[in-house]
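Novice: Below is the file start28.cif, which contains mmCIF, C-alpha atoms and all ligand atoms.
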```cif
data_start
loop_
_atom_site.group_PDB
_atom_site.id
_atom_site.type_symbol
_atom_site.label_atom_id
_atom_site.label_comp_id
_atom_site.auth_asym_id
_atom_site.auth_seq_id
_atom_site.Cartn_x
_atom_site.Cartn_y
_atom_site.Cartn_z
ATOM 1 C CA MET Y 3 55.615 25.591 168.214
ATOM 2 C CA SER Y 4 54.611 22.214 166.784
ATOM 3 C CA LEU Y 5 55.334 23.005 163.130
ATOM 4 C CA SER Y 6 57.138 20.206 161.346
ATOM 5 C CA ILE Y 7 58.314 20.075 157.740
ATOM 6 C CA ASN Y 8 59.208 16.858 155.956
ATOM 7 C CA PRO Y 9 60.041 15.961 152.363
ATOM 8 C CA ILE Y 10 56.960 14.893 150.387
ATOM 9 C CA ASP Y 11 58.987 12.256 148.568
ATOM 10 C CA PRO Y 12 61.979 11.395 150.768
ATOM 11 C CA VAL Y 13 63.265 8.761 148.357
ATOM 12 C CA SER Y 14 63.434 10.499 144.987
ATOM 13 C CA ARG Y 15 63.262 14.167 146.003
ATOM 14 C CA PRO Y 16 64.532 14.549 149.583
ATOM 15 C CA PHE Y 17 65.543 18.205 149.092
ATOM 16 C CA PHE Y 18 62.640 19.523 147.010
ATOM 17 C CA ALA Y 19 58.990 20.064 148.035
ATOM 18 C CA GLY Y 20 58.128 19.766 151.709
ATOM 19 C CA GLU Y 21 54.909 19.128 153.577
ATOM 20 C CA ALA Y 22 54.278 21.292 156.618
ATOM 21 C CA SER Y 23 52.024 20.156 159.448
ATOM 22 C CA GLY Y 24 51.115 21.013 163.026
ATOM 23 C CA ILE Y 25 50.274 24.662 162.374
ATOM 24 C CA ASP Y 26 47.214 26.778 161.583
ATOM 25 C CA ILE Y 27 48.552 29.466 159.250
ATOM 26 C CA THR Y 28 45.188 31.212 158.902
ATOM 27 C CA ARG Y 29 45.718 32.893 162.298
ATOM 28 C CA PRO Y 30 48.527 35.384 163.075
ATOM 29 C CA LEU Y 31 52.010 33.857 163.175
ATOM 30 C CA ASN Y 32 54.684 34.712 165.680
ATOM 31 C CA ARG Y 33 58.196 35.607 164.578
ATOM 32 C CA GLU Y 34 59.582 32.161 165.334
ATOM 33 C CA GLU Y 35 56.943 30.432 163.212
ATOM 34 C CA ALA Y 36 57.485 32.815 160.292
ATOM 35 C CA ALA Y 37 61.257 32.237 160.487
ATOM 36 C CA ALA Y 38 60.789 28.452 160.546
ATOM 37 C CA ILE Y 39 58.557 28.587 157.454
ATOM 38 C CA GLU Y 40 61.031 30.831 155.620
ATOM 39 C CA ALA Y 41 63.841 28.392 156.503
ATOM 40 C CA GLY Y 42 61.683 25.549 155.160
ATOM 41 C CA MET Y 43 61.203 27.474 151.932
ATOM 42 C CA ASP Y 44 64.952 27.992 151.600
ATOM 43 C CA GLN Y 45 65.485 24.266 151.963
ATOM 44 C CA TYR Y 46 62.580 22.830 149.956
ATOM 45 C CA GLY Y 47 61.611 25.577 147.441
ATOM 46 C CA VAL Y 48 57.950 24.469 147.694
ATOM 47 C CA LEU Y 49 55.868 23.942 150.841
ATOM 48 C CA VAL Y 50 52.420 22.348 151.055
ATOM 49 C CA PHE Y 51 50.013 23.073 153.944
ATOM 50 C CA HIS Y 52 46.755 21.102 154.080
ATOM 51 C CA ASP Y 53 43.369 22.149 155.424
ATOM 52 C CA GLN Y 54 43.937 25.902 155.717
ATOM 53 C CA ARG Y 55 40.545 27.598 155.332
ATOM 54 C CA PHE Y 56 41.728 31.011 154.208
ATOM 55 C CA ASP Y 57 39.699 34.032 153.268
ATOM 56 C CA ASP Y 58 41.506 36.746 151.298
ATOM 57 C CA ASN Y 59 42.302 38.903 154.334
ATOM 58 C CA ALA Y 60 43.850 36.033 156.282
ATOM 59 C CA GLN Y 61 45.799 34.933 153.207
ATOM 60 C CA MET Y 62 47.207 38.450 152.766
ATOM 61 C CA ALA Y 63 48.118 38.648 156.467
ATOM 62 C CA PHE Y 64 49.967 35.305 156.336
ATOM 63 C CA SER Y 65 51.736 36.287 153.108
ATOM 64 C CA ARG Y 66 52.962 39.575 154.588
ATOM 65 C CA SER Y 67 55.040 37.572 157.075
ATOM 66 C CA PHE Y 68 57.525 37.114 154.213
ATOM 67 C CA GLY Y 69 57.689 40.613 152.700
ATOM 68 C CA ASP Y 70 55.682 43.195 150.793
ATOM 69 C CA LEU Y 71 52.875 42.028 148.532
ATOM 70 C CA GLU Y 72 52.859 42.672 144.816
ATOM 71 C CA LEU Y 73 49.901 44.294 143.132
ATOM 72 C CA ALA Y 74 48.154 41.917 140.730
ATOM 73 C CA THR Y 75 49.162 44.046 137.735
ATOM 74 C CA GLY Y 76 50.089 40.971 135.688
ATOM 75 C CA ASP Y 77 46.363 40.181 135.399
ATOM 76 C CA LEU Y 78 44.933 41.015 131.998
ATOM 77 C CA ASN Y 79 42.012 42.901 133.567
ATOM 78 C CA PHE Y 80 43.859 44.591 136.421
ATOM 79 C CA HIS Y 81 42.561 48.027 135.494
ATOM 80 C CA LYS Y 82 39.073 46.813 134.563
ATOM 81 C CA GLY Y 83 36.368 44.964 136.467
ATOM 82 C CA ARG Y 84 37.846 42.497 138.938
ATOM 83 C CA ARG Y 85 36.153 39.594 140.727
ATOM 84 C CA LEU Y 86 38.389 39.810 143.803
ATOM 85 C CA GLU Y 87 38.216 42.933 145.894
ATOM 86 C CA SER Y 88 41.846 43.469 146.863
ATOM 87 C CA ALA Y 89 44.382 44.688 144.296
ATOM 88 C CA HIS Y 90 46.875 42.323 146.010
ATOM 89 C CA MET Y 91 44.899 39.188 145.128
ATOM 90 C CA ASN Y 92 45.602 37.399 141.844
ATOM 91 C CA ASP Y 93 42.486 35.736 140.490
ATOM 92 C CA ILE Y 94 43.670 32.284 139.360
ATOM 93 C CA SER Y 95 40.174 31.035 138.565
ATOM 94 C CA ASN Y 96 38.145 30.266 135.471
ATOM 95 C CA LEU Y 97 35.266 32.462 136.714
ATOM 96 C CA ASP Y 98 33.749 35.701 135.448
ATOM 97 C CA LEU Y 99 32.477 38.611 137.556
ATOM 98 C CA ASP Y 100 29.247 36.673 138.266
ATOM 99 C CA ASN Y 101 31.165 33.544 139.333
ATOM 100 C CA GLN Y 102 30.179 31.719 136.140
ATOM 101 C CA VAL Y 103 32.706 29.599 134.242
ATOM 102 C CA LEU Y 104 34.324 31.737 131.526
ATOM 103 C CA ALA Y 105 33.258 31.104 127.948
ATOM 104 C CA ARG Y 106 35.663 28.999 125.907
ATOM 105 C CA ASP Y 107 36.668 31.967 123.737
ATOM 106 C CA SER Y 108 36.850 34.492 126.590
ATOM 107 C CA ARG Y 109 39.922 36.687 126.371
ATOM 108 C CA ARG Y 110 40.672 36.248 130.077
ATOM 109 C CA ARG Y 111 40.472 32.465 129.810
ATOM 110 C CA LEU Y 112 42.734 32.314 126.758
ATOM 111 C CA PHE Y 113 45.264 34.632 128.395
ATOM 112 C CA SER Y 114 45.249 32.473 131.541
ATOM 113 C CA LEU Y 115 46.111 29.348 129.534
ATOM 114 C CA GLY Y 116 49.615 30.836 129.548
ATOM 115 C CA ASN Y 117 49.878 29.471 133.116
ATOM 116 C CA ARG Y 118 50.086 25.997 131.585
ATOM 117 C CA MET Y 119 53.555 26.768 130.253
ATOM 118 C CA TRP Y 120 56.546 26.546 132.584
ATOM 119 C CA HIS Y 121 57.146 29.911 134.220
ATOM 120 C CA SER Y 122 58.258 31.830 137.261
ATOM 121 C CA ASP Y 123 55.754 34.390 138.537
ATOM 122 C CA SER Y 124 56.242 38.025 137.572
ATOM 123 C CA SER Y 125 59.579 37.441 135.833
ATOM 124 C CA PHE Y 126 58.076 40.008 133.429
ATOM 125 C CA LYS Y 127 58.286 42.661 136.161
ATOM 126 C CA GLU Y 128 61.554 44.464 136.788
ATOM 127 C CA VAL Y 129 61.363 43.465 140.455
ATOM 128 C CA PRO Y 130 59.974 39.951 140.165
ATOM 129 C CA ALA Y 131 58.197 37.688 142.650
ATOM 130 C CA LYS Y 132 59.850 36.104 145.669
ATOM 131 C CA PHE Y 133 57.156 33.780 147.056
ATOM 132 C CA SER Y 134 53.759 32.930 145.561
ATOM 133 C CA LEU Y 135 51.042 31.542 147.815
ATOM 134 C CA LEU Y 136 48.154 29.725 146.173
ATOM 135 C CA SER Y 137 45.030 28.817 148.106
ATOM 136 C CA ALA Y 138 42.645 26.216 146.672
ATOM 137 C CA ARG Y 139 39.091 27.425 147.333
ATOM 138 C CA ILE Y 140 37.258 25.183 144.816
ATOM 139 C CA ILE Y 141 38.910 22.396 142.857
ATOM 140 C CA PRO Y 142 37.684 20.329 139.892
ATOM 141 C CA SER Y 143 36.833 16.630 140.192
ATOM 142 C CA ALA Y 144 39.936 15.594 138.246
ATOM 143 C CA GLY Y 145 43.160 17.056 136.830
ATOM 144 C CA GLY Y 146 44.299 20.591 137.544
ATOM 145 C CA ASN Y 147 47.589 19.634 139.211
ATOM 146 C CA THR Y 148 50.306 22.238 139.571
ATOM 147 C CA GLU Y 149 53.808 21.052 138.700
ATOM 148 C CA PHE Y 150 57.001 22.500 140.140
ATOM 149 C CA ALA Y 151 60.562 22.187 138.801
ATOM 150 C CA ASP Y 152 63.663 22.587 140.966
ATOM 151 C CA MET Y 153 65.820 25.155 139.186
ATOM 152 C CA ARG Y 154 68.681 24.769 141.676
ATOM 153 C CA ALA Y 155 69.059 21.082 140.828
ATOM 154 C CA ALA Y 156 68.652 21.971 137.148
ATOM 155 C CA TYR Y 157 71.522 24.462 137.362
ATOM 156 C CA GLU Y 158 73.768 22.216 139.425
ATOM 157 C CA SER Y 159 73.409 19.353 136.949
ATOM 158 C CA LEU Y 160 74.561 21.389 133.921
ATOM 159 C CA GLU Y 161 77.965 20.636 132.409
ATOM 160 C CA ASP Y 162 80.615 23.132 133.524
ATOM 161 C CA GLU Y 163 80.940 24.631 130.025
ATOM 162 C CA LEU Y 164 77.210 25.272 129.858
ATOM 163 C CA LYS Y 165 77.223 26.809 133.349
ATOM 164 C CA ALA Y 166 79.973 29.165 132.183
ATOM 165 C CA GLU Y 167 78.050 30.050 129.017
ATOM 166 C CA CYS Y 168 74.917 30.883 131.027
ATOM 167 C CA GLU Y 169 76.650 32.757 133.841
ATOM 168 C CA ASP Y 170 76.459 36.332 132.542
ATOM 169 C CA LEU Y 171 73.557 36.096 130.102
ATOM 170 C CA VAL Y 172 70.674 38.513 130.446
ATOM 171 C CA CYS Y 173 67.228 37.616 129.103
ATOM 172 C CA GLU Y 174 64.243 39.742 128.161
ATOM 173 C CA HIS Y 175 60.967 38.648 129.746
ATOM 174 C CA SER Y 176 57.469 39.720 128.754
ATOM 175 C CA GLN Y 177 53.943 38.331 128.876
ATOM 176 C CA LEU Y 178 53.767 39.414 125.225
ATOM 177 C CA TYR Y 179 56.301 36.647 124.420
ATOM 178 C CA SER Y 180 54.718 33.874 126.494
ATOM 179 C CA ARG Y 181 51.246 34.524 125.088
ATOM 180 C CA ALA Y 182 52.507 34.809 121.519
ATOM 181 C CA VAL Y 183 53.850 31.241 121.832
ATOM 182 C CA LEU Y 184 50.219 30.101 122.189
ATOM 183 C CA GLY Y 185 49.055 32.410 119.391
ATOM 184 C CA PHE Y 186 47.480 34.921 121.769
ATOM 185 C CA THR Y 187 48.367 38.285 120.251
ATOM 186 C CA ASP Y 188 45.132 40.142 120.954
ATOM 187 C CA PHE Y 189 46.761 42.921 123.024
ATOM 188 C CA THR Y 190 45.650 46.527 123.274
ATOM 189 C CA ASP Y 191 48.188 49.368 123.046
ATOM 190 C CA ASP Y 192 47.792 49.751 126.781
ATOM 191 C CA ASP Y 193 48.625 46.038 127.357
ATOM 192 C CA ARG Y 194 51.693 46.387 125.134
ATOM 193 C CA GLU Y 195 52.879 49.333 127.167
ATOM 194 C CA ARG Y 196 52.272 47.587 130.509
ATOM 195 C CA PHE Y 197 53.903 44.345 129.365
ATOM 196 C CA LYS Y 198 57.041 45.886 127.840
ATOM 197 C CA PRO Y 199 60.012 43.466 128.141
ATOM 198 C CA VAL Y 200 62.249 43.656 131.217
ATOM 199 C CA GLN Y 201 65.772 42.304 131.722
ATOM 200 C CA GLN Y 202 66.579 39.388 134.036
ATOM 201 C CA ARG Y 203 69.780 37.482 134.706
ATOM 202 C CA LEU Y 204 69.676 33.880 133.514
ATOM 203 C CA VAL Y 205 71.642 32.654 136.529
ATOM 204 C CA ARG Y 206 70.814 33.961 139.967
ATOM 205 C CA ARG Y 207 72.212 33.334 143.390
ATOM 206 C CA HIS Y 208 69.727 32.845 146.204
ATOM 207 C CA PRO Y 209 70.160 35.690 148.716
ATOM 208 C CA SER Y 210 69.708 33.397 151.768
ATOM 209 C CA THR Y 211 71.212 30.059 150.754
ATOM 210 C CA GLY Y 212 73.810 31.241 148.229
ATOM 211 C CA ARG Y 213 72.709 28.437 145.872
ATOM 212 C CA LYS Y 214 72.622 29.294 142.195
ATOM 213 C CA SER Y 215 69.673 28.507 139.967
ATOM 214 C CA LEU Y 216 68.535 28.911 136.377
ATOM 215 C CA TYR Y 217 66.041 31.740 136.079
ATOM 216 C CA LEU Y 218 63.858 30.672 133.174
ATOM 217 C CA ALA Y 219 60.229 31.218 132.211
ATOM 218 C CA SER Y 220 57.974 31.047 129.177
ATOM 219 C CA HIS Y 221 58.143 34.853 129.373
ATOM 220 C CA ALA Y 222 61.838 34.810 128.323
ATOM 221 C CA GLY Y 223 61.911 35.552 124.603
ATOM 222 C CA ALA Y 224 65.344 37.038 123.947
ATOM 223 C CA ILE Y 225 68.927 37.074 125.202
ATOM 224 C CA LEU Y 226 70.764 40.395 125.027
ATOM 225 C CA GLY Y 227 73.292 40.393 122.187
ATOM 226 C CA TRP Y 228 71.993 37.151 120.620
ATOM 227 C CA PRO Y 229 69.987 36.635 117.419
ATOM 228 C CA VAL Y 230 66.387 35.877 118.480
ATOM 229 C CA PRO Y 231 66.019 32.379 116.945
ATOM 230 C CA GLU Y 232 69.313 31.280 118.490
ATOM 231 C CA ALA Y 233 68.264 32.659 121.879
ATOM 232 C CA ARG Y 234 64.871 30.960 121.788
ATOM 233 C CA GLN Y 235 66.365 27.637 120.754
ATOM 234 C CA PHE Y 236 68.945 27.868 123.567
ATOM 235 C CA LEU Y 237 66.278 28.755 126.147
ATOM 236 C CA ARG Y 238 64.057 25.893 124.956
ATOM 237 C CA ASP Y 239 66.876 23.421 125.483
ATOM 238 C CA LEU Y 240 67.454 24.753 128.997
ATOM 239 C CA VAL Y 241 63.743 24.488 129.852
ATOM 240 C CA GLU Y 242 63.709 20.936 128.517
ATOM 241 C CA HIS Y 243 66.689 20.082 130.709
ATOM 242 C CA ALA Y 244 65.223 21.778 133.789
ATOM 243 C CA THR Y 245 61.823 20.108 133.558
ATOM 244 C CA GLN Y 246 62.926 16.471 133.364
ATOM 245 C CA ARG Y 247 60.661 14.419 135.620
ATOM 246 C CA LYS Y 248 63.455 13.858 138.144
ATOM 247 C CA PHE Y 249 63.405 17.605 138.932
ATOM 248 C CA VAL Y 250 59.594 17.873 139.102
ATOM 249 C CA TYR Y 251 57.030 17.612 141.905
ATOM 250 C CA SER Y 252 53.413 17.402 140.732
ATOM 251 C CA HIS Y 253 50.930 18.681 143.301
ATOM 252 C CA ALA Y 254 47.476 17.039 143.277
ATOM 253 C CA TRP Y 255 45.261 19.581 145.023
ATOM 254 C CA LYS Y 256 42.877 19.021 147.884
ATOM 255 C CA GLN Y 257 40.398 21.756 148.737
ATOM 256 C CA PHE Y 258 41.914 24.245 151.251
ATOM 257 C CA ASP Y 259 45.512 23.366 150.435
ATOM 258 C CA LEU Y 260 47.860 26.333 150.575
ATOM 259 C CA VAL Y 261 50.970 25.820 148.476
ATOM 260 C CA MET Y 262 53.780 28.336 148.543
ATOM 261 C CA TRP Y 263 56.814 28.363 146.271
ATOM 262 C CA ASP Y 264 60.007 30.332 145.841
ATOM 263 C CA ASN Y 265 59.975 31.850 142.348
ATOM 264 C CA ARG Y 266 63.712 32.528 142.587
ATOM 265 C CA ALA Y 267 64.466 28.806 142.694
ATOM 266 C CA THR Y 268 61.567 27.071 140.898
ATOM 267 C CA MET Y 269 59.352 27.122 137.829
ATOM 268 C CA HIS Y 270 55.772 25.896 137.794
ATOM 269 C CA ARG Y 271 52.878 25.254 135.443
ATOM 270 C CA ALA Y 272 49.155 24.449 135.699
ATOM 271 C CA ARG Y 273 47.763 21.233 134.190
ATOM 272 C CA PRO Y 274 44.434 20.870 132.353
ATOM 273 C CA PHE Y 275 41.125 19.877 133.962
ATOM 274 C CA PRO Y 276 37.537 19.384 132.705
ATOM 275 C CA SER Y 277 36.787 22.768 131.150
ATOM 276 C CA MET Y 278 33.171 23.109 132.329
ATOM 277 C CA GLU Y 279 34.084 22.626 136.008
ATOM 278 C CA VAL Y 280 34.994 25.374 138.457
ATOM 279 C CA ARG Y 281 38.584 25.795 139.616
ATOM 280 C CA ASP Y 282 38.921 28.732 141.979
ATOM 281 C CA MET Y 283 42.389 29.497 143.323
ATOM 282 C CA HIS Y 284 43.469 32.754 144.968
ATOM 283 C CA ARG Y 285 47.098 33.833 144.828
ATOM 284 C CA THR Y 286 49.074 36.309 146.859
ATOM 285 C CA THR Y 287 52.583 37.218 145.767
ATOM 286 C CA VAL Y 288 55.477 38.504 147.848
ATOM 287 C CA ALA Y 289 57.846 40.742 145.871
ATOM 288 C CA CYS Y 290 61.625 40.405 145.739
ATOM 289 C CA GLU Y 291 63.532 43.284 147.280
ATOM 290 C CA ARG Y 292 65.388 44.169 144.089
ATOM 291 C CA SER Y 293 65.717 43.263 140.424
ATOM 292 C CA THR Y 294 67.937 40.341 139.370
ATOM 293 C CA MET Y 295 70.233 42.871 137.714
ATOM 294 C CA ALA Y 296 70.686 44.754 140.995
ATOM 295 C CA GLU Y 297 70.992 41.440 142.895
ATOM 296 C CA ALA Y 298 74.025 40.478 140.824
ATOM 297 C CA ALA Y 299 75.694 43.893 141.043
HETATM 298 C C1 LIG R 301 49.932 30.820 139.546
HETATM 299 C C2 LIG R 301 49.934 29.668 138.635
HETATM 300 C C3 LIG R 301 49.150 27.419 138.451
HETATM 301 C C4 LIG R 301 47.869 26.704 138.686
HETATM 302 O O1 LIG R 301 49.011 30.919 140.375
HETATM 303 O O2 LIG R 301 50.869 31.612 139.482
HETATM 304 O O3 LIG R 301 50.718 29.613 137.730
HETATM 305 O O4 LIG R 301 47.920 25.460 138.730
HETATM 306 N N1 LIG R 301 49.062 28.725 138.943
HETATM 307 O O5 LIG R 301 46.837 27.367 138.794
HETATM 308 MN MN MN R 302 52.235 31.218 138.009
#
```
For this file, write the structure as structure tokens.
Specialist:
Amino acid sequence: MSLSINPIDPVSRPFFAGEASGIDITRPLNREEAAAIEAGMDQYGVLVFHDQRFDDNAQMAFSRSFGDLELATGDLNFHKGRRLESAHMNDISNLDLDNQVLARDSRRRLFSLGNRMWHSDSSFKEVPAKFSLLSARIIPSAGGNTEFADMRAAYESLEDELKAECEDLVCEHSQLYSRAVLGFTDFTDDDRERFKPVQQRLVRRHPSTGRKSLYLASHAGAILGWPVPEARQFLRDLVEHATQRKFVYSHAWKQFDLVMWDNRATMHRARPFPSMEVRDMHRTTVACERSTMAEAA
């Protein structure tokens, strides 16, 4: 095995965001390779692989090395017409069913702008996401970075009193909250039912490394037992703390990059790009084994 993993920025972020090389992950992995990649994820939280020419089937096969795949039920149009064939593929593009750039006022486009707020994937599902794997099929000529924040470092750098205050808090997460922040409230009754709030612990302990992290997302809109404005103000302060530049890696995409991240230990957000250009990214998502409530019990 010639896989090697090194920090992308060894000076300012030696423990967060690694670059993997010496491996073709589009072909079947052996057990040793899968274990080495999982160990790299535990250490770095984010791994970047360059020049991996995935199709959807190969991307799903690689992703399954790390657990069961989620269904893409967080997509606004999951039950309607979909551009991507498999129900396990999240369509992170700005394209319609005919591969044309979505109109500025398209409901799908406006919903997807929610990805530009800091979040952790599927925190709005009772059993949230473990790893996300994003494959860059077509990228715009400029912009469109994805930024990642290290939520372990964010937790570890809190004052002890604040750590203690956070320790047993439980938040409610929903896509209804994150979209409402942007003024997107155009939900059907069916959407409202599907996106009903779920409970998540604010502090979680990583099942492999034992490191604690802050589990935050734009989807978090309430804290159990707290008045809503007080909860939202408190969560905003925590997000502001956690997303200081010293905790952030900004990924500038090359075509055929595959970036994978651990949603239990990071947040991420998309950055803007020229709106008439195509950006076509395909995401697979590995589910956690249990809810954060069960994890803590
Ligand atoms: C995602 C996501 C960010 C981006 O795929 O989950 O948030 O830059 N993507 O597209
Ligand atoms: Mn995301």
Novice: Report the centre and edge lengths, in Å to one decimal, of an axis-aligned box enclosing every atom of ligand LIG 301 (chain R) listed in the file, padded by 3 Å on each side, as lines of an AutoDock Vina configuration file.
Specialist:
```
center_x = 48.9
center_y = 28.5
center_z = 139.1
size_x = 10.0
size_y = 12.2
size_z = 8.6
```
Novice: Report as a PyMOL selection string the full result of the PyMOL selection byres (((chain Y and resi 94) around 12) and not hetatm) when it is applied to this structure.
Specialist: chain Y and resi 74+76-78+84-86+91-93+95-98+110-111+113-118+134-141+146+272+280-286
Novice: Running the PyMOL selection byres (((chain Y and resi 252) around 7) and not hetatm) on this model by hand, what would come out? Give it as a PDB file with C-alpha atoms, in the frame of the given file.
Specialist:
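File part03.pdb, as written:
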```
ATOM      1  CA  ASN Y 147      47.589  19.634 139.211  1.00  0.00           C
ATOM      2  CA  THR Y 148      50.306  22.238 139.571  1.00  0.00           C
ATOM      3  CA  GLU Y 149      53.808  21.052 138.700  1.00  0.00           C
ATOM      4  CA  PHE Y 150      57.001  22.500 140.140  1.00  0.00           C
ATOM      5  CA  VAL Y 250      59.594  17.873 139.102  1.00  0.00           C
ATOM      6  CA  TYR Y 251      57.030  17.612 141.905  1.00  0.00           C
ATOM      7  CA  HIS Y 253      50.930  18.681 143.301  1.00  0.00           C
ATOM      8  CA  ALA Y 254      47.476  17.039 143.277  1.00  0.00           C
TER       9      ALA Y 254
END
```
Novice: Go through Y:Phe51, Y:Trp228, Y:Phe236, Y:Tyr157 one by one, measure the shortest atom-to-atom distance of each to Arg207 (chain Y) using all atoms listed in the file, and give the residue with the smallest value.
Specialist: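 Checking each candidate against Arg207 (chain Y), we get Y:Tyr157 as the closest.
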Novice: Y:Tyr179, Y:Phe249, Y:Phe80, Y:Phe56: which is nearest Met269 (chain Y), counting all atoms listed in the file?
Specialist: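 Checking each candidate against Met269 (chain Y), we get Y:Phe249 as the closest.
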Novice: In Å, rounded to a single decimal, give me how far CA of Asp152 (chain Y) is from CA of Arg247 (chain Y).
Specialist: 10.2 Å
Novice: Could you give me, as a list in words, the residues within 8 Å of Ala224 (chain Y), counting all atoms listed in the file and dropping anything in the same chain fewer than 2 positions from it?
Specialist: Cys173, Glu174, His175, Ala222, Leu226, Trp228, Val230, Ala233 and Arg234 of chain Y
Novice: Which one is closest to ligand LIG 301 (chain R): Y:Ser124, Y:Ser176, Y:Thr268, Y:Ser210? Count only C-alpha atoms and all ligand atoms.
Specialist: Y:Ser124
Novice: Kindly resolve the PyMOL selection byres (((not hetatm)) within 7 of (chain R and resi 302)) on the present coordinates and return the residues as a ChimeraX atom specification.
Specialist: /Y:117,121-123,270-271
Novice: Can you pull region 69-75 of chain Y out of that block with all heavy atoms and hand it back as a short mmCIF file (atom, residue, chain, number, x, y, z; two decimals), in the first residue's frame?
Specialist:
```cif
data_model
loop_
_atom_site.label_atom_id
_atom_site.label_comp_id
_atom_site.auth_asym_id
_atom_site.auth_seq_id
_atom_site.Cartn_x
_atom_site.Cartn_y
_atom_site.Cartn_z
N GLY Y 69 -19.23 2.43 6.03
CA GLY Y 69 -20.52 2.23 6.68
C GLY Y 69 -21.66 2.29 5.68
O GLY Y 69 -21.44 2.35 4.47
N ASP Y 70 -22.88 2.26 6.23
CA ASP Y 70 -24.07 2.28 5.37
C ASP Y 70 -24.32 3.69 4.83
O ASP Y 70 -24.12 4.67 5.54
CB ASP Y 70 -25.30 1.84 6.17
CG ASP Y 70 -25.21 0.37 6.56
OD1 ASP Y 70 -24.48 -0.38 5.87
OD2 ASP Y 70 -25.85 0.00 7.56
N LEU Y 71 -24.82 3.75 3.60
CA LEU Y 71 -25.11 5.05 3.00
C LEU Y 71 -26.49 5.55 3.41
O LEU Y 71 -27.44 4.77 3.51
CB LEU Y 71 -25.05 4.96 1.47
CG LEU Y 71 -23.72 4.55 0.86
CD1 LEU Y 71 -23.77 4.69 -0.66
CD2 LEU Y 71 -22.58 5.38 1.44
N GLU Y 72 -26.57 6.85 3.61
CA GLU Y 72 -27.85 7.50 3.83
C GLU Y 72 -28.61 7.61 2.51
O GLU Y 72 -28.00 7.74 1.45
CB GLU Y 72 -27.61 8.97 4.22
CG GLU Y 72 -27.47 9.25 5.64
CD GLU Y 72 -27.42 10.76 5.89
OE1 GLU Y 72 -27.57 11.57 4.94
OE2 GLU Y 72 -27.24 11.12 7.04
N LEU Y 73 -29.93 7.65 2.60
CA LEU Y 73 -30.72 8.09 1.45
C LEU Y 73 -30.70 9.61 1.40
O LEU Y 73 -30.58 10.27 2.44
CB LEU Y 73 -32.18 7.62 1.61
CG LEU Y 73 -32.39 6.11 1.47
CD1 LEU Y 73 -33.82 5.75 1.84
CD2 LEU Y 73 -32.06 5.66 0.05
N ALA Y 74 -30.81 10.16 0.21
CA ALA Y 74 -30.70 11.62 0.03
C ALA Y 74 -32.01 12.32 0.37
O ALA Y 74 -32.48 13.20 -0.36
CB ALA Y 74 -30.27 11.93 -1.40
N THR Y 75 -32.61 11.95 1.50
CA THR Y 75 -33.94 12.47 1.84
C THR Y 75 -33.91 13.91 2.32
O THR Y 75 -34.96 14.51 2.52
CB THR Y 75 -34.61 11.61 2.94
OG1 THR Y 75 -33.64 11.42 3.99
CG2 THR Y 75 -35.04 10.27 2.42
#
```
